[in-house]
Each structure stands twice: as C-alpha cells, then as structure tokens.
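Engineer: Sending over my_file-v7.pdb (PDB, C-alpha atoms).
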```pdb
MODEL        1
ATOM      1  CA  MET A   1       0.000   0.000   0.000
ATOM      2  CA  VAL A   2       2.855   2.429   0.758
ATOM      3  CA  ARG A   3       4.192   1.939  -2.777
ATOM      4  CA  THR A   4       0.724   2.521  -4.224
ATOM      5  CA  TYR A   5       0.221   5.775  -2.287
ATOM      6  CA  THR A   6       3.719   6.965  -3.273
ATOM      7  CA  LEU A   7       2.984   6.331  -6.963
ATOM      8  CA  ILE A   8      -0.294   8.249  -6.765
ATOM      9  CA  LEU A   9       1.391  11.219  -5.078
ATOM     10  CA  LEU A  10       4.097  11.237  -7.768
ATOM     11  CA  LEU A  11       1.401  11.299 -10.467
ATOM     12  CA  LEU A  12      -0.259  14.268  -8.759
ATOM     13  CA  VAL A  13       3.002  16.210  -8.370
ATOM     14  CA  SER A  14       4.030  15.581 -11.980
ATOM     15  CA  SER A  15       0.641  16.781 -13.234
ATOM     16  CA  LEU A  16       1.085  20.022 -11.293
ATOM     17  CA  LEU A  17       4.668  20.654 -12.433
ATOM     18  CA  VAL A  18       4.151  20.156 -16.172
ATOM     19  CA  LYS A  19       2.694  23.079 -18.114
ATOM     20  CA  ALA A  20      -0.993  22.515 -18.845
ATOM     21  CA  GLN A  21      -4.286  24.241 -19.433
ATOM     22  CA  THR A  22      -5.660  24.678 -15.910
ATOM     23  CA  ILE A  23      -9.363  24.813 -15.139
ATOM     24  CA  HIS A  24     -11.494  24.820 -11.961
ATOM     25  CA  THR A  25     -14.798  22.947 -11.773
ATOM     26  CA  THR A  26     -17.341  21.423  -9.408
ATOM     27  CA  TRP A  27     -18.723  17.877  -9.620
ATOM     28  CA  LEU A  28     -21.910  16.788  -7.852
ATOM     29  CA  ALA A  29     -22.451  13.033  -7.717
ATOM     30  CA  ALA A  30     -24.851  10.443  -6.303
ATOM     31  CA  PHE A  31     -24.073   6.700  -6.210
ATOM     32  CA  THR A  32     -26.692   4.181  -5.143
ATOM     33  CA  THR A  33     -26.968   0.393  -4.882
ATOM     34  CA  THR A  34     -30.404  -1.197  -4.401
ATOM     35  CA  LYS A  35     -30.689  -4.898  -3.576
ATOM     36  CA  ILE A  36     -33.084  -7.107  -5.539
ATOM     37  CA  ASN A  37     -32.159 -10.346  -3.770
ATOM     38  CA  LYS A  38     -29.046 -12.036  -2.352
ATOM     39  CA  LYS A  39     -27.340 -12.254  -5.740
ATOM     40  CA  PHE A  40     -28.572  -9.236  -7.711
ATOM     41  CA  SER A  41     -28.758  -5.498  -7.144
ATOM     42  CA  ILE A  42     -29.208  -2.347  -9.228
ATOM     43  CA  HIS A  43     -26.427   0.190  -9.626
ATOM     44  CA  PHE A  44     -27.137   3.799 -10.533
ATOM     45  CA  ASP A  45     -24.983   6.898 -10.472
ATOM     46  CA  ALA A  46     -25.707  10.426 -11.662
ATOM     47  CA  GLN A  47     -23.164  13.215 -11.989
ATOM     48  CA  TRP A  48     -23.408  16.924 -12.786
ATOM     49  CA  ARG A  49     -20.181  18.709 -13.686
ATOM     50  CA  SER A  50     -19.697  22.436 -14.130
ATOM     51  CA  GLY A  51     -17.655  24.186 -16.769
ATOM     52  CA  ASP A  52     -14.527  26.210 -16.034
ATOM     53  CA  GLN A  53     -14.959  28.671 -13.146
ATOM     54  CA  TYR A  54     -18.345  27.033 -12.339
ATOM     55  CA  SER A  55     -20.151  29.111 -14.998
ATOM     56  CA  THR A  56     -22.152  26.480 -16.920
ATOM     57  CA  MET A  57     -23.029  22.795 -16.972
ATOM     58  CA  SER A  58     -20.227  20.980 -18.765
ATOM     59  CA  THR A  59     -21.375  17.363 -18.384
ATOM     60  CA  LEU A  60     -24.418  15.400 -17.245
ATOM     61  CA  LEU A  61     -23.876  11.663 -16.723
ATOM     62  CA  LEU A  62     -26.518   8.988 -16.038
ATOM     63  CA  ARG A  63     -25.246   5.421 -15.571
ATOM     64  CA  PRO A  64     -27.504   2.479 -14.614
ATOM     65  CA  GLY A  65     -26.262  -1.099 -14.287
ATOM     66  CA  LEU A  66     -27.103  -4.578 -13.008
ATOM     67  CA  ASN A  67     -24.854  -6.103 -10.311
ATOM     68  CA  TYR A  68     -24.236  -9.806  -9.746
ATOM     69  CA  HIS A  69     -22.758 -10.562  -6.303
ATOM     70  CA  LEU A  70     -20.551 -13.561  -6.886
ATOM     71  CA  ASN A  71     -19.568 -13.602  -3.204
ATOM     72  CA  ASP A  72     -18.962 -11.144  -0.341
ATOM     73  CA  ARG A  73     -15.859  -9.709  -2.023
ATOM     74  CA  LEU A  74     -16.519  -9.835  -5.763
ATOM     75  CA  VAL A  75     -19.296  -8.050  -7.692
ATOM     76  CA  LEU A  76     -19.731  -8.159 -11.483
ATOM     77  CA  THR A  77     -21.680  -5.420 -13.276
ATOM     78  CA  ALA A  78     -22.911  -4.592 -16.772
ATOM     79  CA  GLY A  79     -24.664  -1.392 -17.723
ATOM     80  CA  TYR A  80     -25.328   1.568 -19.993
ATOM     81  CA  GLY A  81     -24.224   5.183 -19.713
ATOM     82  CA  TYR A  82     -25.699   8.360 -21.197
ATOM     83  CA  ILE A  83     -23.373  11.361 -21.113
ATOM     84  CA  THR A  84     -24.049  14.783 -22.585
ATOM     85  CA  ASN A  85     -21.060  17.102 -22.977
ATOM     86  CA  ARG A  86     -20.868  20.813 -23.712
ATOM     87  CA  ARG A  87     -18.866  21.508 -26.887
ATOM     88  CA  SER A  88     -17.694  24.774 -28.446
ATOM     89  CA  PHE A  89     -16.461  25.448 -31.979
ATOM     90  CA  ILE A  90     -15.165  28.599 -33.677
ATOM     91  CA  VAL A  91     -16.527  28.943 -37.235
ATOM     92  CA  PRO A  92     -16.374  31.749 -39.822
ATOM     93  CA  GLY A  93     -19.299  34.141 -39.551
ATOM     94  CA  PRO A  94     -20.553  37.054 -41.634
ATOM     95  CA  ALA A  95     -17.656  38.994 -43.154
ATOM     96  CA  ASP A  96     -15.407  36.146 -41.981
ATOM     97  CA  GLU A  97     -15.753  37.222 -38.364
ATOM     98  CA  PRO A  98     -15.336  34.280 -35.955
ATOM     99  CA  VAL A  99     -18.503  32.915 -34.358
ATOM    100  CA  ASN A 100     -18.499  30.681 -31.263
ATOM    101  CA  VAL A 101     -21.040  27.862 -31.710
ATOM    102  CA  THR A 102     -21.825  26.078 -28.437
ATOM    103  CA  GLY A 103     -24.123  23.190 -27.594
ATOM    104  CA  TYR A 104     -24.375  19.705 -26.104
ATOM    105  CA  LEU A 105     -23.506  16.433 -27.814
ATOM    106  CA  PRO A 106     -24.398  13.025 -26.336
ATOM    107  CA  GLU A 107     -22.213   9.994 -25.814
ATOM    108  CA  HIS A 108     -23.621   6.480 -25.366
ATOM    109  CA  ARG A 109     -21.624   3.833 -23.504
ATOM    110  CA  LEU A 110     -21.866   0.157 -22.751
ATOM    111  CA  TRP A 111     -19.747  -0.877 -19.777
ATOM    112  CA  GLN A 112     -18.737  -3.958 -17.798
ATOM    113  CA  GLN A 113     -16.812  -4.093 -14.538
ATOM    114  CA  ALA A 114     -15.506  -6.271 -11.727
ATOM    115  CA  LEU A 115     -15.401  -4.863  -8.176
ATOM    116  CA  TYR A 116     -13.183  -6.642  -5.641
ATOM    117  CA  THR A 117     -12.916  -5.670  -1.942
ATOM    118  CA  HIS A 118     -10.381  -6.999   0.579
ATOM    119  CA  PRO A 119      -9.051  -5.990   4.032
ATOM    120  CA  ILE A 120      -5.991  -3.795   4.504
ATOM    121  CA  ILE A 121      -4.740  -2.022   7.673
ATOM    122  CA  GLY A 122      -6.597  -3.356  10.695
ATOM    123  CA  LYS A 123     -10.180  -4.070   9.654
ATOM    124  CA  ASN A 124     -10.270  -1.349   6.980
ATOM    125  CA  THR A 125     -10.853  -2.381   3.375
ATOM    126  CA  ILE A 126      -9.766  -1.367  -0.101
ATOM    127  CA  THR A 127     -11.854  -1.769  -3.248
ATOM    128  CA  HIS A 128     -10.401  -2.373  -6.715
ATOM    129  CA  ARG A 129     -12.454  -1.816  -9.864
ATOM    130  CA  LEU A 130     -11.653  -2.967 -13.411
ATOM    131  CA  ARG A 131     -13.971  -1.446 -16.020
ATOM    132  CA  LEU A 132     -14.288  -1.786 -19.807
ATOM    133  CA  GLU A 133     -16.195   0.807 -21.836
ATOM    134  CA  GLN A 134     -17.492   0.733 -25.392
ATOM    135  CA  ARG A 135     -17.992   4.383 -26.329
ATOM    136  CA  PHE A 136     -20.216   5.744 -29.102
ATOM    137  CA  LEU A 137     -19.158   9.375 -29.563
ATOM    138  CA  MET A 138     -21.505  11.648 -31.478
ATOM    139  CA  GLN A 139     -19.888  13.704 -34.245
ATOM    140  CA  PRO A 140     -20.616  17.440 -34.486
ATOM    141  CA  SER A 141     -22.557  19.030 -37.324
ATOM    142  CA  ILE A 142     -22.970  22.808 -37.611
ATOM    143  CA  GLU A 143     -25.705  24.337 -39.743
ATOM    144  CA  ASN A 144     -26.876  27.951 -39.516
ATOM    145  CA  TYR A 145     -24.653  28.312 -36.427
ATOM    146  CA  ASN A 146     -26.536  25.545 -34.605
ATOM    147  CA  LEU A 147     -24.758  22.478 -33.238
ATOM    148  CA  SER A 148     -26.235  19.006 -33.701
ATOM    149  CA  ALA A 149     -25.087  15.370 -33.812
ATOM    150  CA  ASP A 150     -24.372  13.676 -37.139
ATOM    151  CA  GLY A 151     -23.414  10.017 -36.806
ATOM    152  CA  ASN A 152     -20.928   8.577 -34.312
ATOM    153  CA  THR A 153     -17.471   7.072 -33.943
ATOM    154  CA  TYR A 154     -16.501   4.135 -31.743
ATOM    155  CA  ALA A 155     -13.755   3.890 -29.105
ATOM    156  CA  ASN A 156     -12.724   1.493 -26.316
ATOM    157  CA  ARG A 157     -11.406   2.383 -22.879
ATOM    158  CA  PHE A 158     -10.054   0.463 -19.878
ATOM    159  CA  ARG A 159     -10.229   1.933 -16.365
ATOM    160  CA  TYR A 160      -8.581   0.812 -13.119
ATOM    161  CA  PHE A 161      -9.792   2.326  -9.837
ATOM    162  CA  PHE A 162      -9.049   1.803  -6.170
ATOM    163  CA  ARG A 163     -10.754   3.369  -3.186
ATOM    164  CA  THR A 164     -10.362   3.111   0.575
ATOM    165  CA  VAL A 165     -12.386   4.673   3.393
ATOM    166  CA  ILE A 166     -10.752   4.890   6.831
ATOM    167  CA  PRO A 167     -12.968   5.807   9.814
ATOM    168  CA  VAL A 168     -11.534   8.420  12.180
ATOM    169  CA  LYS A 169     -12.772   6.317  15.090
ATOM    170  CA  GLN A 170     -11.751   2.728  14.391
ATOM    171  CA  GLU A 171     -14.934   0.888  15.284
ATOM    172  CA  PHE A 172     -16.028  -2.173  13.354
ATOM    173  CA  PRO A 173     -18.439  -2.578  11.806
ATOM    174  CA  PHE A 174     -18.297   1.125  10.890
ATOM    175  CA  LYS A 175     -21.866   2.378  11.314
ATOM    176  CA  LYS A 176     -21.624   6.125  11.898
ATOM    177  CA  GLY A 177     -19.076   8.931  12.053
ATOM    178  CA  LEU A 178     -16.300  10.763  10.232
ATOM    179  CA  PHE A 179     -13.989   9.105   7.733
ATOM    180  CA  ALA A 180     -11.155   9.955   5.340
ATOM    181  CA  GLY A 181     -11.259   8.796   1.734
ATOM    182  CA  LEU A 182      -8.542   8.131  -0.820
ATOM    183  CA  GLN A 183      -9.119   6.968  -4.367
ATOM    184  CA  ASN A 184      -7.405   7.014  -7.724
ATOM    185  CA  GLU A 185      -8.485   6.021 -11.215
ATOM    186  CA  VAL A 186      -6.365   5.728 -14.337
ATOM    187  CA  MET A 187      -7.847   5.306 -17.842
ATOM    188  CA  PHE A 188      -6.327   3.886 -21.029
ATOM    189  CA  ASN A 189      -7.604   3.847 -24.610
ATOM    190  CA  PHE A 190      -7.148   0.733 -26.740
ATOM    191  CA  GLY A 191      -8.058  -0.405 -30.227
ATOM    192  CA  ASP A 192      -8.650   2.454 -32.671
ATOM    193  CA  LYS A 193      -7.646   5.574 -30.723
ATOM    194  CA  THR A 194      -8.224   8.137 -33.496
ATOM    195  CA  PRO A 195     -11.775   9.047 -32.315
ATOM    196  CA  VAL A 196     -10.327  10.173 -28.951
ATOM    197  CA  ASN A 197      -6.857  11.618 -28.299
ATOM    198  CA  GLY A 198      -4.863   9.214 -30.461
ATOM    199  CA  LYS A 199      -2.927   8.026 -27.385
ATOM    200  CA  ILE A 200      -3.035   5.015 -25.060
ATOM    201  CA  PHE A 201      -3.095   7.163 -21.905
ATOM    202  CA  ASP A 202      -6.394   8.993 -21.478
ATOM    203  CA  GLN A 203      -6.518  10.490 -17.981
ATOM    204  CA  ASN A 204      -5.871  10.096 -14.248
ATOM    205  CA  ARG A 205      -8.147  11.127 -11.369
ATOM    206  CA  LEU A 206      -6.916  11.409  -7.793
ATOM    207  CA  LEU A 207      -9.387  12.169  -4.976
ATOM    208  CA  LEU A 208      -8.641  13.112  -1.361
ATOM    209  CA  SER A 209     -11.794  13.514   0.710
ATOM    210  CA  ALA A 210     -13.478  13.741   4.088
ATOM    211  CA  GLY A 211     -16.894  12.289   4.726
ATOM    212  CA  TYR A 212     -19.533  11.441   7.272
ATOM    213  CA  ARG A 213     -21.465   8.175   7.564
ATOM    214  CA  ILE A 214     -24.944   9.281   8.618
ATOM    215  CA  GLN A 215     -26.060   5.686   9.095
ATOM    216  CA  PRO A 216     -24.696   2.322   7.891
ATOM    217  CA  LYS A 217     -26.262   2.770   4.444
ATOM    218  CA  ILE A 218     -25.693   6.501   3.760
ATOM    219  CA  ASP A 219     -22.435   8.460   3.309
ATOM    220  CA  VAL A 220     -21.809  12.062   2.287
ATOM    221  CA  GLU A 221     -18.367  13.174   1.159
ATOM    222  CA  LEU A 222     -16.559  16.379   0.186
ATOM    223  CA  GLY A 223     -13.142  16.318  -1.443
ATOM    224  CA  TYR A 224     -10.556  17.646  -3.849
ATOM    225  CA  LEU A 225     -10.146  15.762  -7.124
ATOM    226  CA  ASN A 226      -7.239  16.343  -9.500
ATOM    227  CA  GLN A 227      -8.071  15.306 -13.062
ATOM    228  CA  HIS A 228      -5.162  15.108 -15.521
ATOM    229  CA  VAL A 229      -6.505  14.675 -19.074
ATOM    230  CA  LYS A 230      -4.309  13.950 -22.087
ATOM    231  CA  GLY A 231      -5.436  15.698 -25.280
ATOM    232  CA  ARG A 232      -4.303  15.351 -28.868
ATOM    233  CA  ALA A 233      -0.660  16.013 -29.749
ATOM    234  CA  ASP A 234       1.013  17.567 -26.677
ATOM    235  CA  ALA A 235      -2.115  19.174 -25.222
ATOM    236  CA  PHE A 236      -3.494  18.250 -21.834
ATOM    237  CA  VAL A 237      -5.723  19.696 -19.119
ATOM    238  CA  ASN A 238      -5.166  19.874 -15.369
ATOM    239  CA  ASN A 239      -8.609  20.155 -13.757
ATOM    240  CA  HIS A 240      -8.944  21.177 -10.093
ATOM    241  CA  VAL A 241     -12.294  19.789  -8.944
ATOM    242  CA  ILE A 242     -14.369  20.289  -5.804
ATOM    243  CA  GLN A 243     -16.476  17.124  -5.544
ATOM    244  CA  LEU A 244     -19.545  16.643  -3.359
ATOM    245  CA  ALA A 245     -20.904  13.096  -3.392
ATOM    246  CA  ALA A 246     -23.552  10.977  -1.692
ATOM    247  CA  TYR A 247     -23.451   7.159  -1.428
ATOM    248  CA  THR A 248     -26.490   5.038  -0.538
ATOM    249  CA  ARG A 249     -26.827   1.275  -0.147
ATOM    250  CA  PHE A 250     -30.319  -0.182   0.218
TER
ENDMDL
END
```
So that I can check it, write out the structure of this file as structure tokens.
Structural biologist:
Amino acid sequence: MVRTYTLILLLLVSSLLVKAQTIHTTWLAAFTTTKINKKFSIHFDAQWRSGDQYSTMSTLLLRPGLNYHLNDRLVLTAGYGYITNRRSFIVPGPADEPVNVTGYLPEHRLWQQALYTHPIIGKNTITHRLRLEQRFLMQPSIENYNLSADGNTYANRFRYFFRTVIPVKQEFPFKKGLFAGLQNEVMFNFGDKTPVNGKIFDQNRLLLSAGYRIQPKIDVELGYLNQHVKGRADAFVNNHVIQLAAYTRF
C-alpha cells in the first residue's frame, strides 16, 4: 500500500509541475446500490459537472447497471451510460468574423466491470475496480450556427480504480461517524484511438476527501479531485475539482 500511495502522489506532483491548461470545476455526484435479492442489485450513479470557473453545466452523466454478487468480495456489473457534454467550436461568420457555436452532444456507452474488496490495515478495506467501456461518440454538425449530432465514432477504454475509506474512530463494523477517503483512477484507450486523443493514456483522477457516515447505508463526502486529461498532440488539461458526493446502499 505504501508503494501505491507513493505512486499516486508522484502522479499528482508531476501533473502540477508540467505546463498545462488549468481549469477549476465542481462535480456533484450520487451513487446508489439497491438490492433485488441475495445475488442481484441495481447500480445507478448520476453526476453533474460544471464548466470552467463554475459558470455552466459541462457534463451530465446517467449510468444504470445490473450487479451480480458472486460472493462477499466480488461483484460483477454490466450497464449503460448516457453522457451529454458541452462543446464549443469557432466557425467563420458574416464577413469572416469568428462565431463561437456552443451546444451539447451526447455519448452512449456500454460498460462492464468487476469490483473486488479486501481488508488492509486493521479491519479497513480497499476496493479495486476494473472497467471496460465501449464508447459511441456523437460527431458534431454545424448548420446555420446551430450544433447538432451527425453520426458517431466508436472507441474502447479500460479503467482501473481503487478506493479506501478509513474511519476516524476505528470501530467495526463502521456504522456512523467521520472518515477519510482516498481513491485514484487511471484510464487507457485501446483499439482504434483516433476518435479520442490518439494516445493510449487517457486520464488520471486522484481524490482526497473527508466524509460522514450518517447511518450504515448513507455516506456524504466532500473532497478535492485532480483530473489530468491527455489531449491530442502535446495538449493536456489539469482540472482542479471540488467534488460533493452521496453514497447510498439499500
């Protein structure tokens, strides 16, 4: 675990030292799991993300899925994601003056994942998540200075995530109280990468947070998330995110 934390900190420091486009946003998120029976449950998460300097909505994400609980430690999931993203394009206007055309384009995703949880320090646990995504990215079409979708391109992505929650007061089972959270997720493109950034590396997200367990099935959490996104050529974005999230398990 010490090596893992050291690697994550090095990734964060390197993303801050290298010259990048820097933006500041807010993400609001809700994650819920609802049991159907001993083996199956429903996953759903919704996320709202602001644009730079919190001025507009940049992204709305809705992601349902069906969980299969293989045992107490391993959960398999398959689902669908709908994501709408704000896009801006500069096009020639009257008298060749530049016109900024802005709108929202959807993305459709199919996704599959495996979630594995095991104990670490004391009775605390760490969760690992392996996720595959099949992404259908809508292509922009501009007519009369209006943005619309015209067909789509296809891309694949692999994501690895780990997360640990450590209660301030080490009582087990942890039913109520303050906790600290640490998570990191790294994403890689594979297959045809031309519809995205043309690179294998896509992005890294590191979250440091503090939260409160209201009751055994409800958590609220506030944290700082650093998102390092690789663009085309040598471009990349360093996004400083304030994230407020709620987790429910019913």
Engineer: Find, counting all atoms listed in the file, the residue in A:Phe201, A:Tyr145, A:Phe158, A:Phe136 that gets nearest to Val229 of chain A.
Structural biologist: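 Ranked by minimum distance to Val229 of chain A, first place goes to A:Phe201.
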Engineer: Quick check on the file I pasted: which residues fall under the PyMOL selection byres ((chain A and resi 20) around 6)? Write them as number ranges by chain.
Structural biologist: A: 19, 21-22, 236-237
Engineer: Can you write just those residues out, C-alpha atoms, as a PDB file, in the frame of the given file?
Structural biologist:
```pdb
ATOM      1  CA  LYS A  19       2.694  23.079 -18.114  1.00  0.00           C
ATOM      2  CA  GLN A  21      -4.286  24.241 -19.433  1.00  0.00           C
ATOM      3  CA  THR A  22      -5.660  24.678 -15.910  1.00  0.00           C
ATOM      4  CA  PHE A 236      -3.494  18.250 -21.834  1.00  0.00           C
ATOM      5  CA  VAL A 237      -5.723  19.696 -19.119  1.00  0.00           C
TER       6      VAL A 237
END
```
Engineer: Might you spell out which residues the PyMOL selection byres ((chain A and resi 33) around 12) would select in the displayed file, as a VMD selection string?
Structural biologist: chain A and resid 30 to 32 34 to 37 40 to 45 63 to 69 75 77 217 to 218 246 to 250
Engineer: List as a PyMOL selection string the protein and nucleic acid residues near segment 121-128 of chain A, meaning an atom at most 7 Å away when only C-alpha atoms are counted, but skip any in the same chain fewer than 2 places from it.
Structural biologist: chain A and resi 115-119+130+161-164+166
Engineer: Under the rule that only C-alpha atoms are counted, which of A:Arg109, A:Lys175, A:Arg159, A:Arg73 is the nearest residue to Arg205 of chain A?
Structural biologist: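 Among the listed residues, A:Arg159 lies closest to Arg205 of chain A.
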Engineer: In Å, rounded to a single decimal, give me how far atom CA of Ile90 of chain A is from atom CA of Pro140 of chain A.
Structural biologist: 12.4 Å
Engineer: Can you build me a table of segment 89-158 of chain A residues sitting at most 12 Å from segment 51-59 of chain A, with the closest atom pair per residue and its distance in Å to one decimal, using only C-alpha atoms, sorted by chain and residue number, as a Markdown table?
Structural biologist:
```
| residue | atom | partner | partner_atom | distance |
| --- | --- | --- | --- | --- |
| A:Thr102 | CA | A:Ser58 | CA | 11.0 |
| A:Gly103 | CA | A:Ser58 | CA | 9.9 |
| A:Tyr104 | CA | A:Ser58 | CA | 8.5 |
| A:Leu105 | CA | A:Thr59 | CA | 9.7 |
| A:Pro106 | CA | A:Thr59 | CA | 9.5 |
| A:Glu107 | CA | A:Thr59 | CA | 10.5 |
```
Engineer: List the spatial neighbours of Gly223 of chain A as a list in words - criterion: any atom at most 10 Å away, all atoms listed in the file, same-chain residues fewer than 5 positions off excluded.
Structural biologist: Ala180, Gly181, Leu182, Leu207, Leu208, Ser209, Ala210, Gly211, Val241, Ile242, Gln243, Leu244 and Ala245 of chain A
Engineer: Please determine, counting only C-alpha atoms, which residue among A:Leu178, A:Leu70, A:Val165, A:Ala114 has the shortest atom-to-atom distance to Lys38 of chain A.
Structural biologist: A:Leu70
Engineer: Hey, what comes out of the PyMOL selection byres ((chain A and resi 153) around 10) on this file? Could you write it as a ChimeraX atom specification?
Structural biologist: /A:107,135-139,151-152,154-155,194-196
Engineer: May I have the residues from that selection written out with C-alpha atoms, as a compact mmCIF listing (two decimals), keeping the file's coordinate frame?
Structural biologist:
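Final file, part25.txt:
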```
# COMPACT_ATOMS: atom_id res chain seq x y z
CA GLU A 107 -22.21 9.99 -25.81
CA ARG A 135 -17.99 4.38 -26.33
CA PHE A 136 -20.22 5.74 -29.10
CA LEU A 137 -19.16 9.38 -29.56
CA MET A 138 -21.50 11.65 -31.48
CA GLN A 139 -19.89 13.70 -34.24
CA GLY A 151 -23.41 10.02 -36.81
CA ASN A 152 -20.93 8.58 -34.31
CA TYR A 154 -16.50 4.14 -31.74
CA ALA A 155 -13.76 3.89 -29.10
CA THR A 194 -8.22 8.14 -33.50
CA PRO A 195 -11.78 9.05 -32.32
CA VAL A 196 -10.33 10.17 -28.95
```
Engineer: Select all residues near (-12.9, 17.1, -11.0) (cut-off 9 Å, inclusive, file coordinates), counting all atoms listed in the file, and output them as a PDB file with C-alpha atoms, in the frame of the given file.
Structural biologist:
```pdb
ATOM      1  CA  HIS A  24     -11.494  24.820 -11.961  1.00  0.00           C
ATOM      2  CA  THR A  25     -14.798  22.947 -11.773  1.00  0.00           C
ATOM      3  CA  THR A  26     -17.341  21.423  -9.408  1.00  0.00           C
ATOM      4  CA  TRP A  27     -18.723  17.877  -9.620  1.00  0.00           C
ATOM      5  CA  ARG A  49     -20.181  18.709 -13.686  1.00  0.00           C
ATOM      6  CA  ARG A 205      -8.147  11.127 -11.369  1.00  0.00           C
ATOM      7  CA  LEU A 206      -6.916  11.409  -7.793  1.00  0.00           C
ATOM      8  CA  LEU A 207      -9.387  12.169  -4.976  1.00  0.00           C
ATOM      9  CA  TYR A 224     -10.556  17.646  -3.849  1.00  0.00           C
ATOM     10  CA  LEU A 225     -10.146  15.762  -7.124  1.00  0.00           C
ATOM     11  CA  ASN A 226      -7.239  16.343  -9.500  1.00  0.00           C
ATOM     12  CA  GLN A 227      -8.071  15.306 -13.062  1.00  0.00           C
ATOM     13  CA  ASN A 239      -8.609  20.155 -13.757  1.00  0.00           C
ATOM     14  CA  HIS A 240      -8.944  21.177 -10.093  1.00  0.00           C
ATOM     15  CA  VAL A 241     -12.294  19.789  -8.944  1.00  0.00           C
ATOM     16  CA  ILE A 242     -14.369  20.289  -5.804  1.00  0.00           C
ATOM     17  CA  GLN A 243     -16.476  17.124  -5.544  1.00  0.00           C
TER      18      GLN A 243
END
```
Engineer: Choose the residue, out of A:Gly79, A:Pro94, A:Pro167, A:Gly191, that has the smallest atom-to-atom separation from Asp219 of chain A; count all atoms listed in the file.
Structural biologist: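 That would be A:Pro167, the residue with the smallest distance to Asp219 of chain A.
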Engineer: Distance atom CA of Ile214 of chain A-atom CA of Phe172 of chain A, one decimal place?
Structural biologist: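 These two atoms are separated by 15.3 Å.
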Engineer: Between atom CA of Glu171 of chain A and atom CA of Leu76 of chain A, measure the distance and give it in Å to one decimal.
Structural biologist: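 Atom CA of Leu76 of chain A lies 28.7 Å from atom CA of Glu171 of chain A.
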Engineer: Might you pull out every residue within 6 Å of Leu61 of chain A, with only C-alpha atoms counted and same-chain residues fewer than 2 positions away left off, and present them as a list of chain:residue names?
Structural biologist: A:Ala46, A:Gln47, A:Tyr82, A:Ile83
Engineer: Mind checking which residues fall within 8 Å of Leu132 of chain A, counting all atoms listed in the file, ignoring those fewer than 6 positions away in the same chain, and posting them as a VMD selection string?
Structural biologist: chain A and resid 111 to 113 156 to 159
Engineer: Can you work out which one of A:Ser88, A:Asn204, A:Asn189, A:Gln183 has the shortest atom-to-atom distance to Ile142 of chain A, counting all atoms listed in the file?
Structural biologist: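 The shortest atom-to-atom distance to Ile142 of chain A comes from A:Ser88.
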Engineer: Which is closer to Arg86 of chain A than all the others in A:Val168, A:Val101, A:Val186, A:Leu62, using only C-alpha atoms?
Structural biologist: A:Val101
Engineer: Determine, counting all atoms listed in the file, which protein, DNA and RNA residues have an atom within 12 Å of an atom of Asn144 of chain A; residues of the same chain fewer than 4 positions away are not included. Present the result as a VMD selection string.
Structural biologist: chain A and resid 91 to 94 99 101 148
Engineer: How would segment 122-134 of chain A read, as a JSON list (two decimals), keeping the file's coordinate frame, once N, CA and C atoms are built in?
Structural biologist:
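And here is the file that came out, part13.json:
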```json
[["chain", "number", "residue", "atom", "x", "y", "z"],
["A", 122, "GLY", "N", -5.58, -3.05, 9.71],
["A", 122, "GLY", "CA", -6.60, -3.36, 10.70],
["A", 122, "GLY", "C", -7.78, -4.05, 10.05],
["A", 123, "LYS", "N", -8.98, -3.52, 10.27],
["A", 123, "LYS", "CA", -10.18, -4.07, 9.65],
["A", 123, "LYS", "C", -10.70, -3.17, 8.53],
["A", 124, "ASN", "N", -9.89, -2.19, 8.12],
["A", 124, "ASN", "CA", -10.27, -1.35, 6.98],
["A", 124, "ASN", "C", -10.19, -2.17, 5.70],
["A", 125, "THR", "N", -10.82, -1.66, 4.65],
["A", 125, "THR", "CA", -10.85, -2.38, 3.38],
["A", 125, "THR", "C", -10.43, -1.46, 2.23],
["A", 126, "ILE", "N", -10.05, -2.08, 1.14],
["A", 126, "ILE", "CA", -9.77, -1.37, -0.10],
["A", 126, "ILE", "C", -10.53, -2.06, -1.22],
["A", 127, "THR", "N", -11.08, -1.25, -2.12],
["A", 127, "THR", "CA", -11.85, -1.77, -3.25],
["A", 127, "THR", "C", -11.11, -1.48, -4.55],
["A", 128, "HIS", "N", -11.00, -2.50, -5.39],
["A", 128, "HIS", "CA", -10.40, -2.37, -6.72],
["A", 128, "HIS", "C", -11.51, -2.53, -7.76],
["A", 129, "ARG", "N", -11.45, -1.72, -8.80],
["A", 129, "ARG", "CA", -12.45, -1.82, -9.86],
["A", 129, "ARG", "C", -11.77, -1.86, -11.23],
["A", 130, "LEU", "N", -12.10, -2.86, -12.02],
["A", 130, "LEU", "CA", -11.65, -2.97, -13.41],
["A", 130, "LEU", "C", -12.87, -2.75, -14.30],
["A", 131, "ARG", "N", -12.81, -1.77, -15.20],
["A", 131, "ARG", "CA", -13.97, -1.45, -16.02],
["A", 131, "ARG", "C", -13.57, -1.35, -17.50],
["A", 132, "LEU", "N", -14.41, -1.93, -18.36],
["A", 132, "LEU", "CA", -14.29, -1.79, -19.81],
["A", 132, "LEU", "C", -15.45, -0.93, -20.31],
["A", 133, "GLU", "N", -15.15, -0.05, -21.27],
["A", 133, "GLU", "CA", -16.20, 0.81, -21.84],
["A", 133, "GLU", "C", -16.16, 0.73, -23.36],
["A", 134, "GLN", "N", -17.33, 0.61, -23.95],
["A", 134, "GLN", "CA", -17.49, 0.73, -25.39],
["A", 134, "GLN", "C", -18.23, 2.06, -25.64]]
```
